[in-house]
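Asks: Contents of structure.pdb (PDB, C-alpha atoms):
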ATOM      1  CA  MET T   1       0.000   0.000   0.000
ATOM      2  CA  ALA T   2       1.360   3.429  -0.950
ATOM      3  CA  THR T   3       2.290   5.814   1.860
ATOM      4  CA  MET T   4       0.238   9.018   1.988
ATOM      5  CA  TYR T   5       0.726  12.047   4.221
ATOM      6  CA  TYR T   6      -1.747  14.692   5.359
ATOM      7  CA  GLU T   7      -1.823  17.903   7.420
ATOM      8  CA  ASN T   8      -1.057  16.319  10.784
ATOM      9  CA  ASP T   9       1.957  14.479   9.368
ATOM     10  CA  ALA T  10       3.797  17.681   8.406
ATOM     11  CA  ASP T  11       5.735  19.839  10.881
ATOM     12  CA  MET T  12       5.942  23.305   9.377
ATOM     13  CA  SER T  13       8.156  24.529  12.204
ATOM     14  CA  LEU T  14      11.044  22.840  10.375
ATOM     15  CA  LEU T  15      10.930  25.763   7.932
ATOM     16  CA  ASP T  16      10.276  28.524  10.467
ATOM     17  CA  ASN T  17      13.806  29.925  10.363
ATOM     18  CA  LYS T  18      14.542  29.049   6.761
ATOM     19  CA  LYS T  19      14.692  31.432   3.826
ATOM     20  CA  ILE T  20      12.996  29.901   0.785
ATOM     21  CA  GLY T  21      14.030  30.996  -2.688
ATOM     22  CA  ILE T  22      11.635  30.290  -5.543
ATOM     23  CA  ILE T  23      13.499  30.375  -8.857
ATOM     24  CA  GLY T  24      11.016  31.295 -11.561
ATOM     25  CA  TYR T  25       7.581  32.930 -11.496
ATOM     26  CA  GLY T  26       5.614  31.089 -14.143
ATOM     27  CA  SER T  27       2.644  28.784 -13.608
ATOM     28  CA  GLN T  28       4.213  26.791 -10.762
ATOM     29  CA  GLY T  29       6.523  29.533  -9.462
ATOM     30  CA  HIS T  30       3.830  32.087  -8.703
ATOM     31  CA  ALA T  31       1.628  29.477  -7.003
ATOM     32  CA  HIS T  32       4.400  28.107  -4.780
ATOM     33  CA  ALA T  33       5.634  31.569  -3.797
ATOM     34  CA  LEU T  34       2.226  33.009  -2.945
ATOM     35  CA  ASN T  35       0.986  29.883  -1.160
ATOM     36  CA  LEU T  36       4.145  29.672   0.965
ATOM     37  CA  LYS T  37       3.974  33.385   1.778
ATOM     38  CA  GLU T  38       0.366  33.043   2.922
ATOM     39  CA  SER T  39       1.398  30.007   4.996
ATOM     40  CA  GLY T  40       3.793  32.261   6.912
ATOM     41  CA  MET T  41       7.034  31.279   5.196
ATOM     42  CA  ASN T  42       9.940  33.643   4.441
ATOM     43  CA  VAL T  43       9.884  33.634   0.629
ATOM     44  CA  SER T  44      11.737  35.475  -2.108
ATOM     45  CA  VAL T  45      11.643  35.053  -5.888
ATOM     46  CA  GLY T  46      14.695  34.736  -8.136
ATOM     47  CA  LEU T  47      14.395  36.011 -11.717
ATOM     48  CA  TYR T  48      16.710  37.062 -14.534
ATOM     49  CA  GLU T  49      17.419  40.697 -15.243
ATOM     50  CA  GLY T  50      14.708  42.221 -17.397
ATOM     51  CA  SER T  51      12.119  39.534 -16.624
ATOM     52  CA  LYS T  52       8.542  40.640 -17.197
ATOM     53  CA  SER T  53       7.604  38.798 -14.000
ATOM     54  CA  ILE T  54       9.584  41.112 -11.714
ATOM     55  CA  GLU T  55       6.905  43.790 -11.638
ATOM     56  CA  LYS T  56       4.149  41.197 -11.242
ATOM     57  CA  ALA T  57       5.810  39.416  -8.302
ATOM     58  CA  GLU T  58       6.594  42.684  -6.548
ATOM     59  CA  ALA T  59       3.005  43.860  -7.042
ATOM     60  CA  GLU T  60       1.869  40.695  -5.280
ATOM     61  CA  GLY T  61       3.960  41.570  -2.229
ATOM     62  CA  LEU T  62       6.951  39.325  -2.820
ATOM     63  CA  SER T  63      10.632  40.104  -2.427
ATOM     64  CA  VAL T  64      12.394  39.754  -5.782
ATOM     65  CA  GLY T  65      16.066  39.507  -6.714
ATOM     66  CA  MET T  66      18.319  38.070  -9.379
ATOM     67  CA  VAL T  67      18.660  34.258  -9.391
ATOM     68  CA  ALA T  68      22.213  34.196  -7.986
ATOM     69  CA  GLU T  69      21.326  36.726  -5.307
ATOM     70  CA  VAL T  70      18.282  34.782  -4.130
ATOM     71  CA  ALA T  71      20.168  31.471  -4.252
ATOM     72  CA  ALA T  72      22.940  32.937  -2.098
ATOM     73  CA  GLU T  73      20.498  34.194   0.534
ATOM     74  CA  SER T  74      18.247  31.113   0.657
ATOM     75  CA  ASP T  75      18.425  27.985   2.791
ATOM     76  CA  VAL T  76      15.938  26.205   0.534
ATOM     77  CA  ILE T  77      16.154  26.717  -3.231
ATOM     78  CA  MET T  78      13.225  25.506  -5.340
ATOM     79  CA  LEU T  79      13.863  25.392  -9.104
ATOM     80  CA  LEU T  80      10.607  26.148 -10.922
ATOM     81  CA  ILE T  81      11.891  27.002 -14.379
ATOM     82  CA  PRO T  82      11.413  24.930 -17.566
ATOM     83  CA  ASP T  83      13.243  21.594 -17.734
ATOM     84  CA  HIS T  84      15.312  22.604 -20.749
ATOM     85  CA  THR T  85      16.717  25.750 -19.079
ATOM     86  CA  GLN T  86      17.307  24.361 -15.593
ATOM     87  CA  SER T  87      20.771  22.876 -16.023
ATOM     88  CA  GLU T  88      22.304  26.039 -17.487
ATOM     89  CA  ILE T  89      20.789  28.366 -14.890
ATOM     90  CA  TYR T  90      21.717  25.896 -12.153
ATOM     91  CA  ARG T  91      25.376  25.830 -13.229
ATOM     92  CA  GLU T  92      25.644  29.605 -13.679
ATOM     93  CA  SER T  93      23.645  30.994 -10.764
ATOM     94  CA  VAL T  94      22.696  28.282  -8.265
ATOM     95  CA  LEU T  95      25.639  25.898  -7.941
ATOM     96  CA  PRO T  96      28.138  28.610  -6.871
ATOM     97  CA  ASN T  97      25.754  29.470  -4.010
ATOM     98  CA  LEU T  98      24.815  25.914  -3.044
ATOM     99  CA  LEU T  99      26.705  25.686   0.241
ATOM    100  CA  PRO T 100      26.740  22.602   2.504
ATOM    101  CA  GLY T 101      23.577  22.253   4.560
ATOM    102  CA  LYS T 102      21.288  23.892   2.035
ATOM    103  CA  THR T 103      18.316  22.182   0.366
ATOM    104  CA  LEU T 104      17.836  22.022  -3.396
ATOM    105  CA  MET T 105      14.268  21.258  -4.464
ATOM    106  CA  PHE T 106      12.417  20.440  -7.669
ATOM    107  CA  ALA T 107       8.784  20.065  -8.731
ATOM    108  CA  HIS T 108       9.720  17.567 -11.466
ATOM    109  CA  GLY T 109      12.525  15.028 -11.442
ATOM    110  CA  PHE T 110      13.681  15.340 -15.082
ATOM    111  CA  ASN T 111      17.096  16.960 -14.586
ATOM    112  CA  ILE T 112      18.055  14.883 -11.557
ATOM    113  CA  HIS T 113      16.856  11.574 -12.975
ATOM    114  CA  TYR T 114      18.601  12.083 -16.323
ATOM    115  CA  GLU T 115      21.670  13.556 -14.576
ATOM    116  CA  ALA T 116      21.630  16.920 -16.331
ATOM    117  CA  ILE T 117      22.053  18.332 -12.814
ATOM    118  CA  LYS T 118      24.408  16.624 -10.341
ATOM    119  CA  PRO T 119      24.241  18.448  -6.987
ATOM    120  CA  PRO T 120      27.105  18.288  -4.467
ATOM    121  CA  GLU T 121      26.722  15.522  -1.896
ATOM    122  CA  SER T 122      26.685  18.065   0.930
ATOM    123  CA  VAL T 123      23.158  19.335   0.185
ATOM    124  CA  ASP T 124      19.712  17.817   0.601
ATOM    125  CA  VAL T 125      17.919  17.205  -2.695
ATOM    126  CA  SER T 126      14.182  16.643  -2.642
ATOM    127  CA  MET T 127      11.085  17.060  -4.767
ATOM    128  CA  VAL T 128       7.553  18.242  -4.103
ATOM    129  CA  ALA T 129       5.470  17.848  -7.254
ATOM    130  CA  PRO T 130       1.857  19.101  -7.143
ATOM    131  CA  LYS T 131      -0.376  17.059  -9.429
ATOM    132  CA  ALA T 132      -1.956  20.078 -11.068
ATOM    133  CA  PRO T 133      -0.958  23.099 -13.130
ATOM    134  CA  GLY T 134       0.223  26.008 -11.005
ATOM    135  CA  HIS T 135      -2.826  28.174 -11.604
ATOM    136  CA  ARG T 136      -5.034  25.353 -10.365
ATOM    137  CA  LEU T 137      -2.770  24.854  -7.327
ATOM    138  CA  ARG T 138      -3.143  28.534  -6.486
ATOM    139  CA  GLU T 139      -6.885  28.683  -7.133
ATOM    140  CA  VAL T 140      -7.651  25.676  -4.926
ATOM    141  CA  PHE T 141      -5.362  26.935  -2.142
ATOM    142  CA  THR T 142      -7.175  30.279  -1.948
ATOM    143  CA  ARG T 143     -10.426  28.366  -1.424
ATOM    144  CA  GLY T 144      -8.957  26.565   1.588
ATOM    145  CA  SER T 145      -8.308  23.279  -0.193
ATOM    146  CA  GLY T 146      -5.358  21.720  -2.013
ATOM    147  CA  VAL T 147      -4.240  19.418  -4.801
ATOM    148  CA  PRO T 148      -2.451  16.083  -4.279
ATOM    149  CA  GLY T 149       1.333  16.084  -4.430
ATOM    150  CA  LEU T 150       4.303  13.751  -4.728
ATOM    151  CA  LEU T 151       7.313  13.761  -2.391
ATOM    152  CA  ALA T 152      10.725  12.258  -3.143
ATOM    153  CA  VAL T 153      14.221  12.483  -1.665
ATOM    154  CA  HIS T 154      17.357  12.097  -3.785
ATOM    155  CA  GLN T 155      19.974  13.079  -1.189
ATOM    156  CA  ASP T 156      19.631  13.419   2.579
ATOM    157  CA  PRO T 157      22.874  14.402   4.352
ATOM    158  CA  SER T 158      20.913  16.342   6.981
ATOM    159  CA  GLY T 159      18.609  13.452   7.815
ATOM    160  CA  GLU T 160      15.670  15.874   7.556
ATOM    161  CA  ALA T 161      15.123  16.112   3.806
ATOM    162  CA  HIS T 162      11.887  14.114   3.885
ATOM    163  CA  ALA T 163      10.418  15.987   6.847
ATOM    164  CA  ARG T 164      11.333  19.369   5.386
ATOM    165  CA  GLY T 165       9.892  18.350   2.039
ATOM    166  CA  LEU T 166       6.666  17.410   3.766
ATOM    167  CA  ALA T 167       6.626  20.774   5.553
ATOM    168  CA  TYR T 168       7.072  22.489   2.178
ATOM    169  CA  ALA T 169       4.228  20.400   0.725
ATOM    170  CA  ARG T 170       2.003  21.582   3.559
ATOM    171  CA  GLY T 171       3.051  25.162   2.912
ATOM    172  CA  ILE T 172       1.752  25.033  -0.670
ATOM    173  CA  GLY T 173      -1.413  23.152   0.344
ATOM    174  CA  CYS T 174      -0.731  19.640  -0.928
ATOM    175  CA  THR T 175      -1.173  17.895   2.436
ATOM    176  CA  ARG T 176      -4.780  19.089   2.430
ATOM    177  CA  ALA T 177      -5.423  16.587  -0.371
ATOM    178  CA  GLY T 178      -2.681  14.032   0.314
ATOM    179  CA  VAL T 179       1.016  13.624  -0.483
ATOM    180  CA  LEU T 180       2.346  10.378  -1.927
ATOM    181  CA  ASP T 181       5.842   9.037  -1.241
ATOM    182  CA  THR T 182       7.654   8.307  -4.499
ATOM    183  CA  THR T 183      11.099   8.495  -6.117
ATOM    184  CA  PHE T 184      12.620  10.864  -8.676
ATOM    185  CA  LYS T 185      12.661   7.959 -11.143
ATOM    186  CA  GLU T 186       9.019   7.038 -10.703
ATOM    187  CA  GLU T 187       7.773  10.634 -10.786
ATOM    188  CA  THR T 188       9.763  11.508 -13.895
ATOM    189  CA  GLU T 189       8.917   8.431 -15.921
ATOM    190  CA  THR T 190       5.222   8.290 -15.014
ATOM    191  CA  ASP T 191       4.814  12.041 -15.534
ATOM    192  CA  LEU T 192       6.357  11.974 -18.999
ATOM    193  CA  PHE T 193       4.389   8.875 -19.939
ATOM    194  CA  GLY T 194       1.108  10.365 -18.718
ATOM    195  CA  GLU T 195       1.706  13.539 -20.721
ATOM    196  CA  GLN T 196       2.651  11.708 -23.900
ATOM    197  CA  ALA T 197       0.282   8.748 -23.870
ATOM    198  CA  VAL T 198      -2.845  10.281 -22.332
ATOM    199  CA  LEU T 199      -3.042  13.812 -20.981
ATOM    200  CA  CYS T 200      -1.561  15.757 -23.886
ATOM    201  CA  GLY T 201      -0.390  13.585 -26.765
ATOM    202  CA  GLY T 202      -2.886  10.747 -26.557
ATOM    203  CA  VAL T 203      -5.983  12.841 -25.942
ATOM    204  CA  ALA T 204      -5.051  15.500 -28.503
ATOM    205  CA  GLU T 205      -4.453  12.926 -31.245
ATOM    206  CA  LEU T 206      -7.633  11.013 -30.349
ATOM    207  CA  VAL T 207      -9.712  14.198 -30.522
ATOM    208  CA  LYS T 208      -8.190  15.295 -33.841
ATOM    209  CA  ALA T 209      -8.562  11.822 -35.389
ATOM    210  CA  ALA T 210     -12.226  11.593 -34.339
ATOM    211  CA  PHE T 211     -12.933  15.129 -35.604
ATOM    212  CA  ASP T 212     -11.277  14.385 -38.964
ATOM    213  CA  THR T 213     -13.178  11.102 -39.287
ATOM    214  CA  LEU T 214     -16.546  12.841 -38.922
ATOM    215  CA  VAL T 215     -15.679  15.788 -41.170
ATOM    216  CA  ASP T 216     -14.225  13.505 -43.852
ATOM    217  CA  ALA T 217     -17.493  11.543 -43.751
ATOM    218  CA  GLY T 218     -19.438  14.711 -44.580
ATOM    219  CA  TYR T 219     -20.642  15.862 -41.168
ATOM    220  CA  GLN T 220     -20.593  19.533 -40.204
ATOM    221  CA  PRO T 221     -17.333  20.552 -38.489
ATOM    222  CA  GLU T 222     -19.387  22.327 -35.829
ATOM    223  CA  SER T 223     -21.149  19.063 -34.941
ATOM    224  CA  ALA T 224     -17.829  17.218 -34.958
ATOM    225  CA  TYR T 225     -16.305  19.829 -32.634
ATOM    226  CA  PHE T 226     -19.127  19.581 -30.121
ATOM    227  CA  GLU T 227     -19.010  15.783 -30.077
ATOM    228  CA  CYS T 228     -15.254  15.238 -30.031
ATOM    229  CA  MET T 229     -13.865  18.293 -28.221
ATOM    230  CA  HIS T 230     -16.459  20.279 -26.315
ATOM    231  CA  GLU T 231     -18.156  17.377 -24.531
ATOM    232  CA  LEU T 232     -14.823  15.890 -23.473
ATOM    233  CA  LYS T 233     -14.688  18.197 -20.441
ATOM    234  CA  LEU T 234     -18.068  16.955 -19.257
ATOM    235  CA  ILE T 235     -16.829  13.352 -19.324
ATOM    236  CA  VAL T 236     -13.485  14.184 -17.705
ATOM    237  CA  ASP T 237     -15.335  15.984 -14.891
ATOM    238  CA  LEU T 238     -17.215  12.749 -14.223
ATOM    239  CA  PHE T 239     -13.924  10.798 -14.202
ATOM    240  CA  TYR T 240     -12.492  13.354 -11.776
ATOM    241  CA  GLN T 241     -15.465  13.168  -9.448
ATOM    242  CA  GLY T 242     -16.057   9.423  -9.282
ATOM    243  CA  GLY T 243     -13.885   7.451 -11.691
ATOM    244  CA  LEU T 244     -14.917   5.371 -14.692
ATOM    245  CA  GLU T 245     -17.812   3.792 -12.784
ATOM    246  CA  TYR T 246     -19.384   7.183 -12.028
ATOM    247  CA  MET T 247     -19.024   8.270 -15.656
ATOM    248  CA  ARG T 248     -20.787   5.109 -16.813
ATOM    249  CA  TYR T 249     -23.495   5.616 -14.191
ATOM    250  CA  SER T 250     -24.052   9.163 -15.462
ATOM    251  CA  VAL T 251     -24.289   8.507 -19.207
ATOM    252  CA  SER T 252     -26.997   6.653 -21.110
ATOM    253  CA  ASP T 253     -27.051   2.860 -21.376
ATOM    254  CA  THR T 254     -26.458   3.288 -25.099
ATOM    255  CA  ALA T 255     -23.267   5.262 -24.408
ATOM    256  CA  GLU T 256     -22.152   2.754 -21.786
ATOM    257  CA  TYR T 257     -22.651  -0.187 -24.173
ATOM    258  CA  GLY T 258     -20.707   1.669 -26.882
ATOM    259  CA  ASP T 259     -17.961   2.291 -24.310
ATOM    260  CA  TYR T 260     -17.576  -1.414 -23.507
ATOM    261  CA  THR T 261     -17.851  -2.735 -27.068
ATOM    262  CA  ARG T 262     -16.287  -0.048 -29.298
ATOM    263  CA  GLY T 263     -13.721   1.551 -27.023
ATOM    264  CA  PRO T 264     -11.422  -1.517 -27.171
ATOM    265  CA  ARG T 265     -11.641  -1.439 -30.986
ATOM    266  CA  VAL T 266     -10.151   2.063 -30.980
ATOM    267  CA  ILE T 267      -7.667   1.537 -28.141
ATOM    268  CA  ASP T 268      -6.558  -1.977 -29.050
ATOM    269  CA  ASP T 269      -3.452  -4.071 -28.430
ATOM    270  CA  HIS T 270      -1.653  -2.193 -31.202
ATOM    271  CA  VAL T 271      -2.143   1.081 -29.298
ATOM    272  CA  LYS T 272      -0.935  -0.536 -26.086
ATOM    273  CA  GLU T 273       2.170  -1.791 -27.888
ATOM    274  CA  ASN T 274       2.876   1.744 -29.044
ATOM    275  CA  MET T 275       2.427   2.960 -25.469
ATOM    276  CA  GLN T 276       4.975   0.398 -24.318
ATOM    277  CA  ARG T 277       7.438   1.747 -26.900
ATOM    278  CA  VAL T 278       6.796   5.311 -25.714
ATOM    279  CA  LEU T 279       7.473   4.190 -22.143
ATOM    280  CA  ALA T 280      10.658   2.411 -23.197
ATOM    281  CA  ASP T 281      11.965   5.642 -24.776
ATOM    282  CA  ILE T 282      11.331   7.401 -21.474
ATOM    283  CA  GLN T 283      12.909   4.679 -19.360
ATOM    284  CA  ASP T 284      16.129   4.386 -21.368
ATOM    285  CA  GLY T 285      16.592   8.152 -21.668
ATOM    286  CA  SER T 286      15.992   8.339 -25.436
ATOM    287  CA  PHE T 287      13.232  10.927 -25.099
ATOM    288  CA  ALA T 288      15.275  13.049 -22.678
ATOM    289  CA  ARG T 289      18.287  13.047 -25.014
ATOM    290  CA  GLU T 290      16.047  13.900 -27.958
ATOM    291  CA  TRP T 291      14.425  16.821 -26.108
ATOM    292  CA  ILE T 292      17.741  18.198 -24.859
ATOM    293  CA  SER T 293      19.191  17.968 -28.382
ATOM    294  CA  GLU T 294      16.085  19.626 -29.823
ATOM    295  CA  ASN T 295      16.614  22.633 -27.560
ATOM    296  CA  ASP T 296      20.355  22.755 -28.237
ATOM    297  CA  GLU T 297      19.610  22.942 -31.978
ATOM    298  CA  GLY T 298      17.090  25.790 -31.675
ATOM    299  CA  ARG T 299      13.896  23.709 -31.574
ATOM    300  CA  PRO T 300      13.385  23.170 -35.338
ATOM    301  CA  THR T 301      11.046  20.174 -34.962
ATOM    302  CA  PHE T 302       9.183  21.657 -31.992
ATOM    303  CA  ASN T 303       8.528  24.948 -33.797
ATOM    304  CA  ARG T 304       7.429  23.217 -36.997
ATOM    305  CA  LEU T 305       5.009  20.913 -35.170
ATOM    306  CA  ARG T 306       3.620  23.765 -33.083
ATOM    307  CA  GLN T 307       2.858  25.738 -36.249
ATOM    308  CA  GLU T 308       1.348  22.739 -38.056
ATOM    309  CA  ASN T 309      -0.948  21.846 -35.169
ATOM    310  CA  ALA T 310      -2.073  25.442 -34.657
ATOM    311  CA  GLY T 311      -3.461  25.341 -38.184
ATOM    312  CA  HIS T 312      -5.605  22.222 -37.737
ATOM    313  CA  ALA T 313      -9.259  22.652 -38.698
ATOM    314  CA  ILE T 314     -10.482  21.807 -35.192
ATOM    315  CA  GLU T 315      -8.596  24.837 -33.860
ATOM    316  CA  ASN T 316     -10.192  27.191 -36.360
ATOM    317  CA  ILE T 317     -13.762  26.018 -35.802
ATOM    318  CA  GLY T 318     -13.151  25.843 -32.064
ATOM    319  CA  LYS T 319     -12.089  29.488 -31.833
ATOM    320  CA  GLU T 320     -15.224  30.517 -33.707
ATOM    321  CA  LEU T 321     -17.567  28.482 -31.503
ATOM    322  CA  ARG T 322     -15.874  29.356 -28.205
ATOM    323  CA  GLY T 323     -16.107  33.022 -29.177
ATOM    324  CA  MET T 324     -19.898  32.694 -28.859
ATOM    325  CA  MET T 325     -19.763  30.981 -25.455
ATOM    326  CA  SER T 326     -20.133  33.871 -23.009
ATOM    327  CA  PHE T 327     -19.679  31.581 -19.984
ATOM    328  CA  LEU T 328     -16.095  30.900 -21.054
ATOM    329  CA  LYS T 329     -15.373  34.650 -21.040
ATOM    330  CA  ASP T 330     -16.923  34.899 -17.584
ATOM    331  CA  ALA T 331     -14.644  32.106 -16.358
ATOM    332  CA  ASP T 332     -11.581  33.916 -17.741
TER
END
When written as structure tokens, how does the structure in this file appear?

Replies:
Amino acid sequence: MATMYYENDADMSLLDNKKIGIIGYGSQGHAHALNLKESGMNVSVGLYEGSKSIEKAEAEGLSVGMVAEVAAESDVIMLLIPDHTQSEIYRESVLPNLLPGKTLMFAHGFNIHYEAIKPPESVDVSMVAPKAPGHRLREVFTRGSGVPGLLAVHQDPSGEAHARGLAYARGIGCTRAGVLDTTFKEETETDLFGEQAVLCGGVAELVKAAFDTLVDAGYQPESAYFECMHELKLIVDLFYQGGLEYMRYSVSDTAEYGDYTRGPRVIDDHVKENMQRVLADIQDGSFAREWISENDEGRPTFNRLRQENAGHAIENIGKELRGMMSFLKDAD
């Protein structure tokens, strides 16, 4: 049985006299910094000179400095910048200020697991990974709740890396929902696989393929959009609330029968074999090497694919239809 931790398991006093430096102020960075500040922690934000986020972070009441400056002053340094930029910024601005006894933290294990970053043995290295985008983490926290999180320890010379990581997780609200013990390896490989096979890659390709199938068969693109894209959120909300069983309880018997009998024809053994190959690329480091090389070469494939996908017909019809949905503007 997996080990889970909640509010009463975390001793926040372990961070009472610690200065916490949040490196980056994007989706995760702003949420961590603001949540920790409102939990009573001593927080500052490290950014590069000229960053557009400096004014925003200062306006939200946070102390802001350059990355090296914040790293030098902090006892706990949390790297919340994109995977592909972490190793360079770490070497230039963090490593020179990573003195013995400090704690280096991550919200994703990519650079530690694939050894793009190799911290000195004299520092604690841990990870607290909220299982939600940063804006969702922040939104839920302000309502008095939290999102689940993962906790892992890579190095523990102090003997307190796990306990301090748990205190940090409580500070950003994750212990309100539950924190799962894991490893850098497990978090990294399952996270990448989930993104590629289901959450981003798998779902996006399934939606586009279904949309194209209907449109190619002569159906209106508007009807195809509603069926294959718009209604997806309604189904995912049911998954989120009560799992597959609750979704099947909530839909019609016709839909449930189609689920059981036609779903396996779409997601068949061939798809599962492809998923296994995707996982193998993650496990042996092939994907990591490919992504690092892609960034080193100026992102030619990434930029081409981004442009190609932005021009897909489902995006064009979707923008038109969403523009008439006033409730989406209200939510924004």

Asks: Quick one: distance from CA of Ser13 in chain T to CA of Val140 in chain T in Å, one decimal?

Replies: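 According to the coordinates, CA of Ser13 in chain T and CA of Val140 in chain T are separated by 23.3 Å.
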
Asks: For range 162-166 of chain T, list every protein, DNA or RNA residue within 7 Å, evaluated using only C-alpha atoms, and leave out those in the same chain fewer than 5 positions away; present the list as a PyMOL selection string.

Replies: chain T and resi 10+14-15+126+128+151+153

Asks: List the residues matched by the PyMOL selection byres ((chain T and resi 185) around 12) in the displayed structure as a PyMOL selection string, ordered by chain and then by residue number.

Replies: chain T and resi 108-115+127+151-154+182-184+186-192+282-285

Asks: The PyMOL selection byres ((chain T and resi 20) around 10) on the file shown: which residues, as a PyMOL selection string?

Replies: chain T and resi 15+17-19+21-23+33+36-37+41-45+70-71+73-78+103+168

Asks: Neighbours of Arg248 in chain T within 10 Å (all atoms listed in the file; same-chain residues fewer than 4 positions away dropped), as a ChimeraX atom specification?

Replies: /T:235,238-239,242-244,252-253,255-257,259-260

Asks: Out of T:Lys208, T:Arg262, T:His270, T:Arg170, which residue has the shortest atom-to-atom distance to Pro221 in chain T when counting all atoms listed in the file?

Replies: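 Among the listed residues, the smallest separation from Pro221 in chain T belongs to T:Lys208.
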
Asks: Any chance you could resolve the PyMOL selection byres ((chain T and resi 310-316) around 10) against this file and give the residues as a PyMOL selection string?

Replies: chain T and resi 207-208+211-212+215+221-222+224-225+228-229+305-309+317-321

Asks: Could those selected residues go to a file with C-alpha atoms, as an mmCIF file, in the coordinates of the input?

Replies:
data_model
loop_
_atom_site.group_PDB
_atom_site.id
_atom_site.type_symbol
_atom_site.label_atom_id
_atom_site.label_comp_id
_atom_site.auth_asym_id
_atom_site.auth_seq_id
_atom_site.Cartn_x
_atom_site.Cartn_y
_atom_site.Cartn_z
ATOM 1 C CA VAL T 207 -9.712 14.198 -30.522
ATOM 2 C CA LYS T 208 -8.190 15.295 -33.841
ATOM 3 C CA PHE T 211 -12.933 15.129 -35.604
ATOM 4 C CA ASP T 212 -11.277 14.385 -38.964
ATOM 5 C CA VAL T 215 -15.679 15.788 -41.170
ATOM 6 C CA PRO T 221 -17.333 20.552 -38.489
ATOM 7 C CA GLU T 222 -19.387 22.327 -35.829
ATOM 8 C CA ALA T 224 -17.829 17.218 -34.958
ATOM 9 C CA TYR T 225 -16.305 19.829 -32.634
ATOM 10 C CA CYS T 228 -15.254 15.238 -30.031
ATOM 11 C CA MET T 229 -13.865 18.293 -28.221
ATOM 12 C CA LEU T 305 5.009 20.913 -35.170
ATOM 13 C CA ARG T 306 3.620 23.765 -33.083
ATOM 14 C CA GLN T 307 2.858 25.738 -36.249
ATOM 15 C CA GLU T 308 1.348 22.739 -38.056
ATOM 16 C CA ASN T 309 -0.948 21.846 -35.169
ATOM 17 C CA ILE T 317 -13.762 26.018 -35.802
ATOM 18 C CA GLY T 318 -13.151 25.843 -32.064
ATOM 19 C CA LYS T 319 -12.089 29.488 -31.833
ATOM 20 C CA GLU T 320 -15.224 30.517 -33.707
ATOM 21 C CA LEU T 321 -17.567 28.482 -31.503
#

Asks: Please provide as a ChimeraX atom specification all residues within 12 Å of Pro100 in chain T, with the sequence filter that same-chain residues fewer than 5 positions apart are discarded (counting all atoms listed in the file).

Replies: /T:72,75-76,95,119-125,156-158

Asks: Selected residues, C-alpha atoms, written as a CSV table (one decimal), in the frame of the given file, please.

Replies:
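Result file is result03.csv:
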chain,number,residue,atom,x,y,z
T,72,ALA,CA,22.9,32.9,-2.1
T,75,ASP,CA,18.4,28.0,2.8
T,76,VAL,CA,15.9,26.2,0.5
T,95,LEU,CA,25.6,25.9,-7.9
T,119,PRO,CA,24.2,18.4,-7.0
T,120,PRO,CA,27.1,18.3,-4.5
T,121,GLU,CA,26.7,15.5,-1.9
T,122,SER,CA,26.7,18.1,0.9
T,123,VAL,CA,23.2,19.3,0.2
T,124,ASP,CA,19.7,17.8,0.6
T,125,VAL,CA,17.9,17.2,-2.7
T,156,ASP,CA,19.6,13.4,2.6
T,157,PRO,CA,22.9,14.4,4.4
T,158,SER,CA,20.9,16.3,7.0

Asks: What's around Ala57 in chain T at 8 Å? Count only C-alpha atoms, leave out sequence neighbours fewer than 4 positions away in its own chain, and write the answer as a ChimeraX atom specification.

Replies: /T:25,30,45,53,61-64

Asks: Record the distance separating CA of Met325 in chain T and CA of Ala204 in chain T, expressed in Å with one decimal.

Replies: 21.6 Å

Asks: Determine, counting only C-alpha atoms, which protein, DNA and RNA residues have an atom within 12 Å of an atom of Asp281 in chain T; residues of the same chain fewer than 6 positions away are not included. Present the result as a ChimeraX atom specification.

Replies: /T:189,192-193,196,274-275,287-291

Asks: In Å to one decimal, how far is CA of Gly323 in chain T from CA of Thr142 in chain T?

Replies: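 Taking CA of Thr142 in chain T as the start and CA of Gly323 in chain T as the end point, the length is 28.8 Å.
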
Asks: Which one is closest to Pro133 in chain T: T:Pro96, T:Gly201, T:Gly29, T:Gly50? Count all atoms listed in the file.

Replies: T:Gly29

Asks: Given only C-alpha atoms as the basis, pick out the residue of T:Ala210, T:Ile172, T:Glu69, T:His84 nearest to Gly298 in chain T.

Replies: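 The answer is T:His84, which sits nearest to Gly298 in chain T.
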
Asks: For a cut-off of 9 Å around (0.4, 14.7, -3.1), file coordinates, pick out all residues using all atoms listed in the file and list them as a PyMOL selection string.

Replies: chain T and resi 4-6+128-131+147-151+169+174-181
